[in-house]
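> Contents of structure.cif (mmCIF, C-alpha atoms; chains and numbers go by the auth columns):
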data_target
loop_
_atom_site.group_PDB
_atom_site.id
_atom_site.type_symbol
_atom_site.label_atom_id
_atom_site.label_comp_id
_atom_site.label_asym_id
_atom_site.label_seq_id
_atom_site.Cartn_x
_atom_site.Cartn_y
_atom_site.Cartn_z
_atom_site.B_iso_or_equiv
_atom_site.auth_seq_id
_atom_site.auth_asym_id
ATOM 1 C CA GLY A 1 -1.193 -25.346 -7.573 0.00 164 V
ATOM 2 C CA GLN A 2 -2.614 -23.831 -10.710 0.00 165 V
ATOM 3 C CA GLN A 3 -6.228 -22.766 -10.451 0.00 166 V
ATOM 4 C CA LEU A 4 -6.759 -22.341 -14.194 0.00 167 V
ATOM 5 C CA ASN A 5 -7.559 -25.349 -16.367 0.00 168 V
ATOM 6 C CA GLN A 6 -7.054 -24.694 -20.045 0.00 169 V
ATOM 7 C CA SER A 7 -8.067 -27.005 -22.890 0.00 170 V
ATOM 8 C CA PRO A 8 -7.253 -28.405 -25.281 0.00 171 V
ATOM 9 C CA GLN A 9 -3.547 -28.781 -24.646 0.00 172 V
ATOM 10 C CA SER A 10 -2.785 -28.652 -28.377 0.00 173 V
ATOM 11 C CA MET A 11 -4.559 -28.314 -31.692 0.00 174 V
ATOM 12 C CA PHE A 12 -3.431 -29.224 -35.190 0.00 175 V
ATOM 13 C CA ILE A 13 -5.641 -27.521 -37.732 0.00 176 V
ATOM 14 C CA GLN A 14 -5.710 -26.704 -41.413 0.00 177 V
ATOM 15 C CA GLU A 15 -5.474 -23.173 -42.680 0.00 178 V
ATOM 16 C CA GLY A 16 -8.926 -21.649 -42.924 0.00 179 V
ATOM 17 C CA GLU A 17 -10.423 -23.641 -40.055 0.00 180 V
ATOM 18 C CA ASP A 18 -11.815 -22.111 -36.884 0.00 181 V
ATOM 19 C CA VAL A 19 -10.188 -22.732 -33.498 0.00 182 V
ATOM 20 C CA SER A 20 -11.832 -22.788 -30.079 0.00 183 V
ATOM 21 C CA MET A 21 -10.262 -23.102 -26.678 0.00 184 V
ATOM 22 C CA ASN A 22 -11.448 -22.531 -23.151 0.00 185 V
ATOM 23 C CA CYS A 23 -10.321 -21.934 -19.640 0.00 186 V
ATOM 24 C CA THR A 24 -12.043 -22.814 -16.377 0.00 187 V
ATOM 25 C CA SER A 25 -11.302 -21.839 -12.829 0.00 188 V
ATOM 26 C CA SER A 26 -12.155 -23.238 -9.430 0.00 189 V
ATOM 27 C CA SER A 27 -12.758 -19.701 -8.175 0.00 190 V
ATOM 28 C CA ILE A 28 -14.502 -16.611 -9.481 0.00 191 V
ATOM 29 C CA PHE A 29 -12.421 -14.291 -11.632 0.00 192 V
ATOM 30 C CA ASN A 30 -13.160 -10.607 -12.110 0.00 193 V
ATOM 31 C CA THR A 31 -10.909 -10.359 -15.139 0.00 194 V
ATOM 32 C CA TRP A 32 -9.979 -12.763 -17.909 0.00 195 V
ATOM 33 C CA LEU A 33 -6.987 -12.096 -20.116 0.00 196 V
ATOM 34 C CA TRP A 34 -5.933 -13.962 -23.247 0.00 197 V
ATOM 35 C CA TYR A 35 -2.284 -13.932 -24.359 0.00 198 V
ATOM 36 C CA LYS A 36 -0.351 -15.348 -27.287 0.00 199 V
ATOM 37 C CA GLN A 37 3.264 -16.450 -27.144 0.00 200 V
ATOM 38 C CA GLU A 38 5.421 -16.985 -30.201 0.00 201 V
ATOM 39 C CA PRO A 39 8.679 -18.970 -30.100 0.00 202 V
ATOM 40 C CA GLY A 40 11.495 -17.185 -28.274 0.00 203 V
ATOM 41 C CA GLU A 41 9.260 -14.343 -27.136 0.00 204 V
ATOM 42 C CA GLY A 42 7.305 -13.379 -24.056 0.00 205 V
ATOM 43 C CA PRO A 43 3.486 -13.505 -24.127 0.00 206 V
ATOM 44 C CA VAL A 44 1.590 -10.604 -25.672 0.00 207 V
ATOM 45 C CA LEU A 45 -1.940 -9.577 -24.682 0.00 208 V
ATOM 46 C CA LEU A 46 -4.666 -10.311 -27.233 0.00 209 V
ATOM 47 C CA ILE A 47 -7.922 -9.575 -25.430 0.00 210 V
ATOM 48 C CA ALA A 48 -8.953 -8.430 -21.958 0.00 211 V
ATOM 49 C CA LEU A 49 -12.414 -9.121 -20.487 0.00 212 V
ATOM 50 C CA TYR A 50 -13.733 -7.312 -17.416 0.00 213 V
ATOM 51 C CA LYS A 51 -17.430 -8.127 -17.179 0.00 214 V
ATOM 52 C CA ALA A 52 -19.405 -11.382 -16.909 0.00 215 V
ATOM 53 C CA GLY A 53 -21.058 -12.147 -20.245 0.00 216 V
ATOM 54 C CA GLU A 54 -18.782 -9.754 -22.131 0.00 217 V
ATOM 55 C CA LEU A 55 -17.960 -10.704 -25.721 0.00 218 V
ATOM 56 C CA THR A 56 -14.970 -8.914 -27.239 0.00 219 V
ATOM 57 C CA SER A 57 -13.319 -9.192 -30.646 0.00 220 V
ATOM 58 C CA ASN A 58 -9.877 -8.329 -31.912 0.00 221 V
ATOM 59 C CA GLY A 59 -9.773 -8.968 -35.642 0.00 222 V
ATOM 60 C CA ARG A 60 -10.385 -12.685 -36.195 0.00 223 V
ATOM 61 C CA LEU A 61 -10.208 -13.360 -32.467 0.00 224 V
ATOM 62 C CA THR A 62 -13.270 -13.371 -30.232 0.00 225 V
ATOM 63 C CA ALA A 63 -13.268 -13.995 -26.500 0.00 226 V
ATOM 64 C CA GLN A 64 -16.089 -14.335 -24.006 0.00 227 V
ATOM 65 C CA PHE A 65 -16.245 -13.918 -20.237 0.00 228 V
ATOM 66 C CA GLY A 66 -18.490 -16.720 -18.940 0.00 229 V
ATOM 67 C CA ILE A 67 -21.577 -15.707 -16.989 0.00 230 V
ATOM 68 C CA THR A 68 -20.572 -17.866 -14.028 0.00 231 V
ATOM 69 C CA ARG A 69 -17.295 -15.873 -13.924 0.00 232 V
ATOM 70 C CA LYS A 70 -15.449 -19.168 -13.692 0.00 233 V
ATOM 71 C CA ASP A 71 -14.728 -19.666 -17.363 0.00 234 V
ATOM 72 C CA SER A 72 -13.718 -17.949 -20.565 0.00 235 V
ATOM 73 C CA PHE A 73 -13.509 -18.887 -24.239 0.00 236 V
ATOM 74 C CA LEU A 74 -11.319 -17.823 -27.133 0.00 237 V
ATOM 75 C CA ASN A 75 -12.176 -18.398 -30.778 0.00 238 V
ATOM 76 C CA ILE A 76 -9.984 -17.820 -33.800 0.00 239 V
ATOM 77 C CA SER A 77 -11.817 -17.727 -37.099 0.00 240 V
ATOM 78 C CA ALA A 78 -10.371 -18.617 -40.515 0.00 241 V
ATOM 79 C CA SER A 79 -6.934 -19.519 -39.163 0.00 242 V
ATOM 80 C CA ILE A 80 -3.798 -18.497 -41.030 0.00 243 V
ATOM 81 C CA PRO A 81 -0.177 -19.700 -40.614 0.00 244 V
ATOM 82 C CA SER A 82 0.785 -16.743 -38.393 0.00 245 V
ATOM 83 C CA ASP A 83 -1.776 -17.910 -35.799 0.00 246 V
ATOM 84 C CA VAL A 84 0.767 -20.543 -34.767 0.00 247 V
ATOM 85 C CA GLY A 85 1.796 -20.164 -31.140 0.00 248 V
ATOM 86 C CA ILE A 86 0.776 -20.894 -27.596 0.00 249 V
ATOM 87 C CA TYR A 87 -2.368 -19.222 -26.311 0.00 250 V
ATOM 88 C CA PHE A 88 -2.754 -18.601 -22.594 0.00 251 V
ATOM 89 C CA CYS A 89 -5.634 -17.537 -20.437 0.00 252 V
ATOM 90 C CA ALA A 90 -4.761 -15.532 -17.351 0.00 253 V
ATOM 91 C CA GLY A 91 -6.392 -13.752 -14.473 0.00 254 V
ATOM 92 C CA PRO A 92 -6.165 -12.754 -10.838 0.00 255 V
ATOM 93 C CA PRO A 93 -7.575 -15.470 -8.509 0.00 256 V
ATOM 94 C CA GLY A 94 -8.613 -13.201 -5.686 0.00 257 V
ATOM 95 C CA SER A 95 -5.298 -12.140 -4.210 0.00 258 V
ATOM 96 C CA TRP A 96 -4.771 -8.501 -5.020 0.00 259 V
ATOM 97 C CA GLY A 97 -2.174 -8.072 -7.720 0.00 260 V
ATOM 98 C CA LYS A 98 -1.595 -11.777 -8.312 0.00 261 V
ATOM 99 C CA LEU A 99 -1.692 -12.826 -11.979 0.00 262 V
ATOM 100 C CA GLN A 100 -1.891 -16.522 -12.842 0.00 263 V
ATOM 101 C CA PHE A 101 -1.762 -18.291 -16.190 0.00 264 V
ATOM 102 C CA GLY A 102 -3.279 -21.442 -17.583 0.00 265 V
ATOM 103 C CA ALA A 103 -1.042 -24.186 -19.017 0.00 266 V
ATOM 104 C CA GLY A 104 -1.591 -22.960 -22.564 0.00 267 V
ATOM 105 C CA THR A 105 -3.015 -24.273 -25.838 0.00 268 V
ATOM 106 C CA GLN A 106 -0.455 -24.955 -28.551 0.00 269 V
ATOM 107 C CA VAL A 107 -1.907 -24.151 -31.988 0.00 270 V
ATOM 108 C CA VAL A 108 -0.302 -25.528 -35.141 0.00 271 V
ATOM 109 C CA VAL A 109 -1.692 -24.456 -38.509 0.00 272 V
ATOM 110 C CA THR A 110 -0.891 -26.484 -41.600 0.00 273 V
ATOM 111 C CA PRO A 111 -1.350 -25.126 -45.133 0.00 274 V
ATOM 112 C CA ASN B 1 8.966 -6.282 -25.059 0.00 195 S
ATOM 113 C CA ALA B 2 9.966 -2.617 -24.963 0.00 196 S
ATOM 114 C CA GLY B 3 10.374 -1.316 -21.430 0.00 197 S
ATOM 115 C CA VAL B 4 11.234 -4.635 -19.727 0.00 198 S
ATOM 116 C CA THR B 5 14.812 -5.849 -19.810 0.00 199 S
ATOM 117 C CA GLN B 6 15.956 -9.153 -18.376 0.00 200 S
ATOM 118 C CA THR B 7 19.589 -9.896 -17.606 0.00 201 S
ATOM 119 C CA PRO B 8 21.176 -12.289 -18.456 0.00 202 S
ATOM 120 C CA LYS B 9 19.479 -13.882 -21.468 0.00 203 S
ATOM 121 C CA PHE B 10 21.227 -17.233 -21.092 0.00 204 S
ATOM 122 C CA ARG B 11 23.103 -18.904 -18.249 0.00 205 S
ATOM 123 C CA VAL B 12 24.464 -22.310 -17.379 0.00 206 S
ATOM 124 C CA LEU B 13 24.965 -23.036 -13.677 0.00 207 S
ATOM 125 C CA LYS B 14 26.397 -25.947 -11.807 0.00 208 S
ATOM 126 C CA THR B 15 24.289 -27.532 -9.072 0.00 209 S
ATOM 127 C CA GLY B 16 24.756 -25.612 -5.841 0.00 210 S
ATOM 128 C CA GLN B 17 25.850 -22.344 -7.443 0.00 211 S
ATOM 129 C CA SER B 18 23.962 -19.149 -6.831 0.00 212 S
ATOM 130 C CA MET B 19 22.882 -16.415 -9.188 0.00 213 S
ATOM 131 C CA THR B 20 20.625 -13.397 -9.490 0.00 214 S
ATOM 132 C CA LEU B 21 18.345 -12.580 -12.400 0.00 215 S
ATOM 133 C CA LEU B 22 17.592 -8.921 -12.932 0.00 216 S
ATOM 134 C CA CYS B 23 14.404 -7.438 -14.318 0.00 217 S
ATOM 135 C CA ALA B 24 14.549 -3.736 -15.077 0.00 218 S
ATOM 136 C CA GLN B 25 11.672 -1.600 -16.306 0.00 219 S
ATOM 137 C CA ASP B 26 11.497 1.951 -17.598 0.00 220 S
ATOM 138 C CA MET B 27 7.695 2.239 -17.597 0.00 221 S
ATOM 139 C CA ASN B 28 7.203 3.180 -13.927 0.00 222 S
ATOM 140 C CA HIS B 29 4.705 0.318 -13.419 0.00 223 S
ATOM 141 C CA GLU B 30 3.772 -0.720 -9.892 0.00 224 S
ATOM 142 C CA TYR B 31 3.449 -4.462 -10.313 0.00 225 S
ATOM 143 C CA MET B 32 6.267 -6.806 -11.204 0.00 226 S
ATOM 144 C CA TYR B 33 6.258 -10.595 -11.560 0.00 227 S
ATOM 145 C CA TRP B 34 8.614 -13.510 -11.997 0.00 228 S
ATOM 146 C CA TYR B 35 7.398 -16.615 -13.818 0.00 229 S
ATOM 147 C CA ARG B 36 9.010 -19.821 -14.890 0.00 230 S
ATOM 148 C CA GLN B 37 7.951 -21.631 -18.040 0.00 231 S
ATOM 149 C CA ASP B 38 8.388 -25.353 -18.536 0.00 232 S
ATOM 150 C CA PRO B 39 7.015 -27.477 -21.410 0.00 233 S
ATOM 151 C CA GLY B 40 3.355 -28.354 -20.848 0.00 234 S
ATOM 152 C CA MET B 41 3.217 -26.373 -17.586 0.00 235 S
ATOM 153 C CA GLY B 42 2.491 -22.917 -18.895 0.00 236 S
ATOM 154 C CA LEU B 43 3.692 -19.926 -16.907 0.00 237 S
ATOM 155 C CA ARG B 44 3.900 -20.523 -13.186 0.00 238 S
ATOM 156 C CA LEU B 45 4.151 -17.569 -10.832 0.00 239 S
ATOM 157 C CA ILE B 46 7.200 -17.645 -8.569 0.00 240 S
ATOM 158 C CA HIS B 47 7.017 -14.330 -6.712 0.00 241 S
ATOM 159 C CA TYR B 48 5.496 -10.961 -7.350 0.00 242 S
ATOM 160 C CA SER B 49 5.580 -7.401 -6.071 0.00 243 S
ATOM 161 C CA VAL B 50 2.804 -4.830 -5.830 0.00 244 S
ATOM 162 C CA GLY B 51 5.163 -1.961 -5.133 0.00 245 S
ATOM 163 C CA GLU B 52 8.635 -0.877 -4.073 0.00 246 S
ATOM 164 C CA GLY B 53 9.744 -2.680 -0.919 0.00 247 S
ATOM 165 C CA THR B 54 6.987 -5.329 -1.054 0.00 248 S
ATOM 166 C CA THR B 55 7.086 -8.915 -2.294 0.00 249 S
ATOM 167 C CA ALA B 56 4.748 -11.888 -2.111 0.00 250 S
ATOM 168 C CA LYS B 57 4.891 -15.598 -2.891 0.00 251 S
ATOM 169 C CA GLY B 58 3.317 -17.066 -5.985 0.00 252 S
ATOM 170 C CA GLU B 59 2.535 -20.673 -6.857 0.00 253 S
ATOM 171 C CA VAL B 60 6.098 -22.062 -6.862 0.00 254 S
ATOM 172 C CA PRO B 61 8.286 -19.921 -4.540 0.00 255 S
ATOM 173 C CA ASP B 62 10.481 -22.627 -3.011 0.00 256 S
ATOM 174 C CA GLY B 63 14.177 -22.294 -3.826 0.00 257 S
ATOM 175 C CA TYR B 64 13.834 -18.656 -4.903 0.00 258 S
ATOM 176 C CA ASN B 65 14.093 -15.295 -3.187 0.00 259 S
ATOM 177 C CA VAL B 66 13.248 -11.850 -4.512 0.00 260 S
ATOM 178 C CA SER B 67 13.835 -8.225 -3.682 0.00 261 S
ATOM 179 C CA ARG B 68 12.384 -4.940 -4.894 0.00 262 S
ATOM 180 C CA LEU B 69 14.518 -2.271 -3.294 0.00 263 S
ATOM 181 C CA LYS B 70 13.921 0.124 -6.185 0.00 264 S
ATOM 182 C CA LYS B 71 10.650 0.488 -8.042 0.00 265 S
ATOM 183 C CA GLN B 72 12.223 -0.154 -11.419 0.00 266 S
ATOM 184 C CA ASN B 73 14.095 -3.353 -10.504 0.00 267 S
ATOM 185 C CA PHE B 74 12.894 -6.777 -9.424 0.00 268 S
ATOM 186 C CA LEU B 75 15.589 -9.317 -8.617 0.00 269 S
ATOM 187 C CA LEU B 76 15.148 -13.082 -8.538 0.00 270 S
ATOM 188 C CA GLY B 77 17.762 -15.047 -6.608 0.00 271 S
ATOM 189 C CA LEU B 78 18.670 -18.704 -6.603 0.00 272 S
ATOM 190 C CA GLU B 79 20.777 -19.428 -3.531 0.00 273 S
ATOM 191 C CA SER B 80 21.683 -23.016 -4.365 0.00 274 S
ATOM 192 C CA ALA B 81 20.672 -23.982 -7.883 0.00 275 S
ATOM 193 C CA ALA B 82 19.184 -27.406 -8.573 0.00 276 S
ATOM 194 C CA PRO B 83 18.591 -29.185 -11.906 0.00 277 S
ATOM 195 C CA SER B 84 14.821 -28.831 -11.277 0.00 278 S
ATOM 196 C CA GLN B 85 15.286 -25.085 -11.680 0.00 279 S
ATOM 197 C CA THR B 86 16.288 -25.488 -15.312 0.00 280 S
ATOM 198 C CA SER B 87 13.666 -23.403 -17.069 0.00 281 S
ATOM 199 C CA VAL B 88 12.918 -20.237 -18.978 0.00 282 S
ATOM 200 C CA TYR B 89 12.265 -17.338 -16.610 0.00 283 S
ATOM 201 C CA PHE B 90 10.057 -14.420 -17.564 0.00 284 S
ATOM 202 C CA CYS B 91 9.627 -11.112 -15.851 0.00 285 S
ATOM 203 C CA ALA B 92 6.418 -9.136 -16.341 0.00 286 S
ATOM 204 C CA ILE B 93 5.216 -5.691 -15.319 0.00 287 S
ATOM 205 C CA MET B 94 1.745 -4.233 -14.985 0.00 288 S
ATOM 206 C CA ARG B 95 0.699 -0.622 -14.447 0.00 289 S
ATOM 207 C CA VAL B 96 -2.664 -1.156 -12.798 0.00 290 S
ATOM 208 C CA VAL B 97 -4.096 -4.374 -11.436 0.00 291 S
ATOM 209 C CA ASN B 98 -5.999 -6.468 -13.987 0.00 292 S
ATOM 210 C CA THR B 99 -4.703 -4.636 -17.015 0.00 293 S
ATOM 211 C CA GLU B 100 -2.156 -5.578 -19.645 0.00 294 S
ATOM 212 C CA ALA B 101 1.065 -7.179 -18.436 0.00 295 S
ATOM 213 C CA PHE B 102 4.227 -6.589 -20.483 0.00 296 S
ATOM 214 C CA PHE B 103 6.831 -9.320 -20.584 0.00 297 S
ATOM 215 C CA GLY B 104 10.583 -9.391 -20.942 0.00 298 S
ATOM 216 C CA GLN B 105 12.342 -11.576 -23.494 0.00 299 S
ATOM 217 C CA GLY B 106 13.069 -14.313 -20.983 0.00 300 S
ATOM 218 C CA THR B 107 16.159 -15.855 -19.415 0.00 301 S
ATOM 219 C CA ARG B 108 17.042 -19.406 -20.342 0.00 302 S
ATOM 220 C CA LEU B 109 18.691 -21.067 -17.348 0.00 303 S
ATOM 221 C CA THR B 110 20.246 -24.511 -17.371 0.00 304 S
ATOM 222 C CA VAL B 111 21.449 -26.145 -14.160 0.00 305 S
ATOM 223 C CA VAL B 112 23.771 -29.093 -14.657 0.00 306 S
#
Mind turning this structure into structure tokens?


Amino acid sequence: GQQLNQSPQSMFIQEGEDVSMNCTSSSIFNTWLWYKQEPGEGPVLLIALYKAGELTSNGRLTAQFGITRKDSFLNISASIPSDVGIYFCAGPPGSWGKLQFGAGTQVVVTP
Amino acid sequence: NAGVTQTPKFRVLKTGQSMTLLCAQDMNHEYMYWYRQDPGMGLRLIHYSVGEGTTAKGEVPDGYNVSRLKKQNFLLGLESAAPSQTSVYFCAIMRVVNTEAFFGQGTRLTVV
């Protein structure tokens, strides 16, 4: 089954609020990837993390690679309506070349 | 989604019918993946390939077969479709392990 546990499952927030979500794994990951999917589209990469403790930003998005290498966090600051979508964490759980995804966090932003 | 083309985009099958989904890439990437996406389940890996002529099972391989006879194409087959295979199927490609994966637009399959 899935080895990535992502939470929360969904978030309903007001425009301007900050959003936080996280992903945990039962095994050590060497890479954490965060994707966003908009309706009718495939996921698109937002941030890639390659080192334990790494903190990386992409505009209003910030992601961190947990020091235990079993978790990762994504924050969105000052949310805007176009932040609506499903956010996924992803990574390779050991097997070379395998890429697995979490169940996703649905973000809804209201004006 | 440039560089990854999925065919067809929509399909309705009757239970027991067979079909093949095609993923074609023009980016010369080594790794190719097939996922299915169901509400609340995220993207679940069906099968993947780390190079031409090689395939491996993912999380949910039962009821599916794959082939990668040419580097640029990754085929997903359903031999005898079941209603439980109603889903949106995504193909993804990756140049080097642990780097960005590019996705196709998806194939919406309904089995009645």

> With a distance threshold of 9 Å and counting only C-alpha atoms, extract the residues of chain V near chain S and express them as a list of chain:residue names.

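Close to chain S, chain V has V:Gly164, V:Gln165, V:Gln172, V:Asn193, V:Thr194, V:Trp195, V:Leu196, V:Gly203, V:Glu204, V:Gly205, V:Pro206, V:Val207, V:Leu208, V:Ala211, V:Tyr213, V:Phe251, V:Gly254, V:Pro255, V:Trp259, V:Gly260, V:Lys261, V:Leu262, V:Gln263, V:Phe264, V:Gly265, V:Ala266, V:Gly267, V:Thr268.
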
> Using the chain letters and residue numbers of this document, give as an mmCIF file with C-alpha atoms, in the coordinates of the input the residues selected by the PyMOL selection byres ((chain V and resi 238) around 8).


data_model
loop_
_atom_site.group_PDB
_atom_site.id
_atom_site.type_symbol
_atom_site.label_atom_id
_atom_site.label_comp_id
_atom_site.auth_asym_id
_atom_site.auth_seq_id
_atom_site.Cartn_x
_atom_site.Cartn_y
_atom_site.Cartn_z
ATOM 1 C CA ASP V 181 -11.815 -22.111 -36.884
ATOM 2 C CA VAL V 182 -10.188 -22.732 -33.498
ATOM 3 C CA SER V 183 -11.832 -22.788 -30.079
ATOM 4 C CA MET V 184 -10.262 -23.102 -26.678
ATOM 5 C CA LEU V 224 -10.208 -13.360 -32.467
ATOM 6 C CA THR V 225 -13.270 -13.371 -30.232
ATOM 7 C CA ALA V 226 -13.268 -13.995 -26.500
ATOM 8 C CA PHE V 236 -13.509 -18.887 -24.239
ATOM 9 C CA LEU V 237 -11.319 -17.823 -27.133
ATOM 10 C CA ILE V 239 -9.984 -17.820 -33.800
ATOM 11 C CA SER V 240 -11.817 -17.727 -37.099
#

> What gap, in Å, lies between atom CA of V:Ile249 and atom CA of V:Asn168?

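Separation of atom CA of V:Ile249 and atom CA of V:Asn168: 14.7 Å.
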
> If the PyMOL selection byres ((chain V and resi 245) around 10) is run on the structure shown, which residues does it catch, given as a PyMOL selection string?

chain V and resi 178+201+242-244+246-248+271-272

> Give me, as an NGL selection string, all polymer residues having an atom no more than 7 Å from stretch 209-212 of chain S, counting only C-alpha atoms and skipping those fewer than 4 positions away in the same chain.

:S and (272-277 or 305-306)

> Write the residues of the selection above to a file with C-alpha atoms, as a PDB file, in the frame of the given file.


ATOM      1  CA  LEU S 272      18.670 -18.704  -6.603  1.00  0.00           C
ATOM      2  CA  GLU S 273      20.777 -19.428  -3.531  1.00  0.00           C
ATOM      3  CA  SER S 274      21.683 -23.016  -4.365  1.00  0.00           C
ATOM      4  CA  ALA S 275      20.672 -23.982  -7.883  1.00  0.00           C
ATOM      5  CA  ALA S 276      19.184 -27.406  -8.573  1.00  0.00           C
ATOM      6  CA  PRO S 277      18.591 -29.185 -11.906  1.00  0.00           C
ATOM      7  CA  VAL S 305      21.449 -26.145 -14.160  1.00  0.00           C
ATOM      8  CA  VAL S 306      23.771 -29.093 -14.657  1.00  0.00           C
TER       9      VAL S 306
END

> Just checking: using only C-alpha atoms, which residue out of S:Lys203, S:Lys264, S:Lys208, S:Arg289 ends up closest to S:Met221?

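Nearest candidate to S:Met221 out of S:Lys203, S:Lys264, S:Lys208, S:Arg289: S:Arg289.
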
> Rounded to one decimal, what separation in Å do you get between atom CA of V:Ser188 and atom CA of V:Gln269?

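Atom-to-atom, atom CA of V:Ser188 to atom CA of V:Gln269, that is 19.4 Å.
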
> Translate the PyMOL selection byres ((chain S and resi 261) around 8), as applied to the file shown, into an explicit residue set as a PyMOL selection string.

chain S and resi 247-249+259-260+262-263+268-270
